[in-house]
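Q: Before I ask anything, let me first share the structure, which is written out below as structure tokens.
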Amino acid sequence: MPAIRPLSRKLDRIAPSATTVLNERAIAMKREGVEVFNFAVGEPDFPTPDHIKEAGMAAIRDNITRYTPATGILDLKEAICRKLDRDNGLEYAPNQIATTSGGKHALYNLLYVICDEGDEVLVPAPYWVSYPEMVKLAGGVPVVLDTGPGASFKVTADQVRSAITPKTRALLLNSPSNPTGMVYARDELAAIAEVVVDAGIYVITDELYEKILYDGHRHVSIAALHPQMKEQALVVNGLSKAYAMTGWRLGYAAGPAEVMELVVKFQGQTVLHPSAITQHAAIAALTGPEDFLPPMIKAFDRRRNYIMERLQNMEGVACARPGGAFYVFPDLSAYLGRTRPDGSPIEGSLDLAMYLLEAYQVISAPGAAFGSEGCLRFSYATTLDVIERGMDRVEEGLSSLAG
């Protein structure tokens with residue numbers, strides 16, 4: 001009997017998740033009855049608003065459970081067009097919209113249809129963990145632009161200009177940022193837009209956290225800042241974060257009709273379309289009241305202020321103040337190289353995160369996964385009680401390291 005041919009090597013090009021080992025260990029600890037303080041979660045801890053749930057249930061009761069067009073139903077695309085006009089000052093027609101099964105799906109679709117093998121995509125770091133791997137899966141080459149805490153974790157127009165080569169296809173931009181919570185100002189985006197237009201490349205702009213803002217920050221879409229940007233900006237958004245709909249899986253992309261046509265062509269041969277039920281719930285989300293948002297943001301802000309105060313009072317910890325999203329990204333590089341009580345060294349952010357989990361039951365996300373070794377990402381999408389007790393343990397854990 002012949003041996004079965006080895007599996008495809010296509011996935012060899014992407015890195016395994018740096019957080020898998022942490023998550024698996026945390027799950028095992030919970031099964032053993034250990035209380036784990038979870039700061040790794042990337043979703044709101046609030047329920048989906050009732051009017052959205054009701055719309056989804058109504059779709060089920062009305063038997064709206066059949067296939068839809070690959071690009072999404074027209075009523076939803078029209079609602080997205082109105083939202084983009086109302087919130088972002090962007091005018092799109094329905095044929096310039098593609099609905100997807102979440103924002104990640106929209107990002108991958110766009111990368112797949114704009115990248116040929118070997119094309120470069122500029123990815124500012126810290127970045128969301130999936131950005132470089134999605135570029136690789138699409139056949140592209142991620143070119144990481146380090147921003148570092150000294151630049152407030154934001155890429156500059158000069159950095160983008162210096163990194164562009166004949167192979168550059170796109171810049172991937174995220175504001176408000178996961179993992180740092182940094183928010184780009186209008187003038188910063190306008191300067192980047194000039195570079196993008198001059199270079200003739202795309203900018204893929206991930207705007208999923210646009211409604212979760214603090215301290216008077218305002219979200220600006222780079223697509224609205226230059227007449228030519230409508231032809232070069234590929235806007236990605238979704239309902240997961242602002243509407244607490246992570247499990248519903250509804251994202252969308254907006255851009256030139258010829259790009260969206262290819263997205264629909266690709267999607268039609270892969271997942272086809274988002275859930276019909278979710279699409280009807282999404283219409284309710286985009287056209288209904290948003291009175292649930294201020295209380296949610298107020299709660300996030302209270303937690304943000306508390307966790308920032310705690311981190312800033314810890315020796316050797318530096319933390320830039322986030323203007324949006326629900327993460328803090330403190331620099332803990334002062335603790336790398338220190339030793340645990342058993343004498344073993346802390347060799348990197350994954351090592352530090354594992355130590356805090358094993359010894360102090362706190363799960364965070366290592367900065368190495370976001371392209372920024374020395375940092376840890378803590379989500380404050382959890383209760384104040386968890387944050388208070390969890391930060392007590394983080395402080396105790398850091399103070400236990402000998403340096």
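Identifiers in the structure tokens: chain A, B, ... in order shown; residue index from 1 per chain; ligand index from 1 in order shown.
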Which of region 120-303 of chain A counts as strand (DSSP E) under DSSP, as a ChimeraX atom specification please?
A: /A:120-125,141-146,168-174,202-206,233-238,251-254
Q: Which residues come within 9 Å of region 227-240 of chain A, counting only C-alpha atoms, excluding same-chain residues fewer than 6 positions away, as number ranges by chain?
A: A: 43-44, 90-91, 99-100, 102-104, 106-107, 110, 193, 196-197, 200-210, 221, 246-256, 259, 282, 285-286
Q: Figure out the distance between CA of Ala334 (chain A) and CA of Arg303 (chain A), please, to one decimal in Å.
A: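 That distance, rounded to one decimal, is 24.9 Å.
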Q: I'd like the neighbourhood of Pro322 (chain A) as a list in words, where a residue qualifies if any of its atoms comes within 10 Å (using only C-alpha atoms), though same-chain residues fewer than 4 positions away should be ignored.
A: Ser152, Pro176, Ser177, Pro179, Thr180, Gly181, Met182, Val183, Leu213, Tyr214, Asp215, Arg304, Asn305, Met308, Phe326, Tyr327, Val328 and Phe329 of chain A
Q: Restricted to C-alpha atoms, what would the selected residues look like written as a PDB file, in the first residue's frame?
A:
ATOM      1  CA  SER A 152       3.697  56.946  20.222  1.00  0.00           C
ATOM      2  CA  PRO A 176      -7.663  53.007  16.787  1.00  0.00           C
ATOM      3  CA  SER A 177      -4.949  50.407  17.167  1.00  0.00           C
ATOM      4  CA  PRO A 179      -2.760  46.369  20.476  1.00  0.00           C
ATOM      5  CA  THR A 180      -1.777  49.904  21.554  1.00  0.00           C
ATOM      6  CA  GLY A 181      -5.036  51.870  21.494  1.00  0.00           C
ATOM      7  CA  MET A 182      -3.265  54.715  19.690  1.00  0.00           C
ATOM      8  CA  VAL A 183      -5.419  56.967  17.479  1.00  0.00           C
ATOM      9  CA  LEU A 213     -12.673  56.523  21.798  1.00  0.00           C
ATOM     10  CA  TYR A 214     -11.641  58.546  24.872  1.00  0.00           C
ATOM     11  CA  ASP A 215     -10.233  61.930  25.880  1.00  0.00           C
ATOM     12  CA  ARG A 304      -8.741  52.250  31.332  1.00  0.00           C
ATOM     13  CA  ASN A 305      -8.045  54.954  33.892  1.00  0.00           C
ATOM     14  CA  MET A 308      -3.261  52.929  33.591  1.00  0.00           C
ATOM     15  CA  PHE A 326      -9.809  48.532  25.004  1.00  0.00           C
ATOM     16  CA  TYR A 327      -6.149  47.589  25.401  1.00  0.00           C
ATOM     17  CA  VAL A 328      -3.041  48.857  27.136  1.00  0.00           C
ATOM     18  CA  PHE A 329       0.396  47.896  25.847  1.00  0.00           C
TER      19      PHE A 329
END
Q: Closest to Asp342 (chain A) among A:Met260, A:Ala58, A:Ala402, A:Met354, using only C-alpha atoms?
A: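 Counting only C-alpha atoms, the residue closest to Asp342 (chain A) is A:Ala402.
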Q: Using only C-alpha atoms, I'd like a table of the residues in region 14-95 of chain A that come within 12 Å of region 390-397 of chain A; for each, show the closest atom pair and its distance in Å rounded to one decimal, ordered by chain and ascending number, as CSV.
A:
residue,atom,partner,partner_atom,distance
A:Glu35,CA,A:Gly390,CA,10.5
A:Val36,CA,A:Gly390,CA,8.8
A:Phe37,CA,A:Gly390,CA,5.7
A:Asn38,CA,A:Gly390,CA,8.2
A:Phe39,CA,A:Gly390,CA,8.4
A:Ala40,CA,A:Gly390,CA,11.9
Q: Any idea what's packed within 7 Å of region 121-123 of chain A, counting only C-alpha atoms, ignoring anything in its chain fewer than 2 positions away? Could you give it as a compact mmCIF listing (two decimals) with C-alpha atoms, in the first residue's frame?
A:
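result_39.txt written:
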# COMPACT_ATOMS: atom_id res chain seq x y z
CA ASP A 119 4.38 41.88 -3.59
CA ALA A 125 4.46 47.48 14.30
CA GLY A 140 2.76 38.79 -0.26
CA VAL A 141 5.74 39.81 1.82
CA PRO A 142 5.10 41.80 5.02
CA VAL A 143 7.55 44.67 5.46
CA VAL A 144 7.44 45.63 9.12
CA LEU A 145 7.87 49.29 10.05
CA THR A 168 5.19 47.77 -2.62
CA ARG A 169 1.52 47.10 -3.15
CA ALA A 170 -0.15 48.49 -0.03
CA LEU A 171 0.12 49.99 3.43
CA LEU A 172 -1.92 48.37 6.20
Q: Could you check which of A:Pro166, A:Tyr184, A:Arg5, A:Leu22 is closest to Ser349 (chain A), using only C-alpha atoms?
A: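 Closest residue, counting only C-alpha atoms: A:Leu22.
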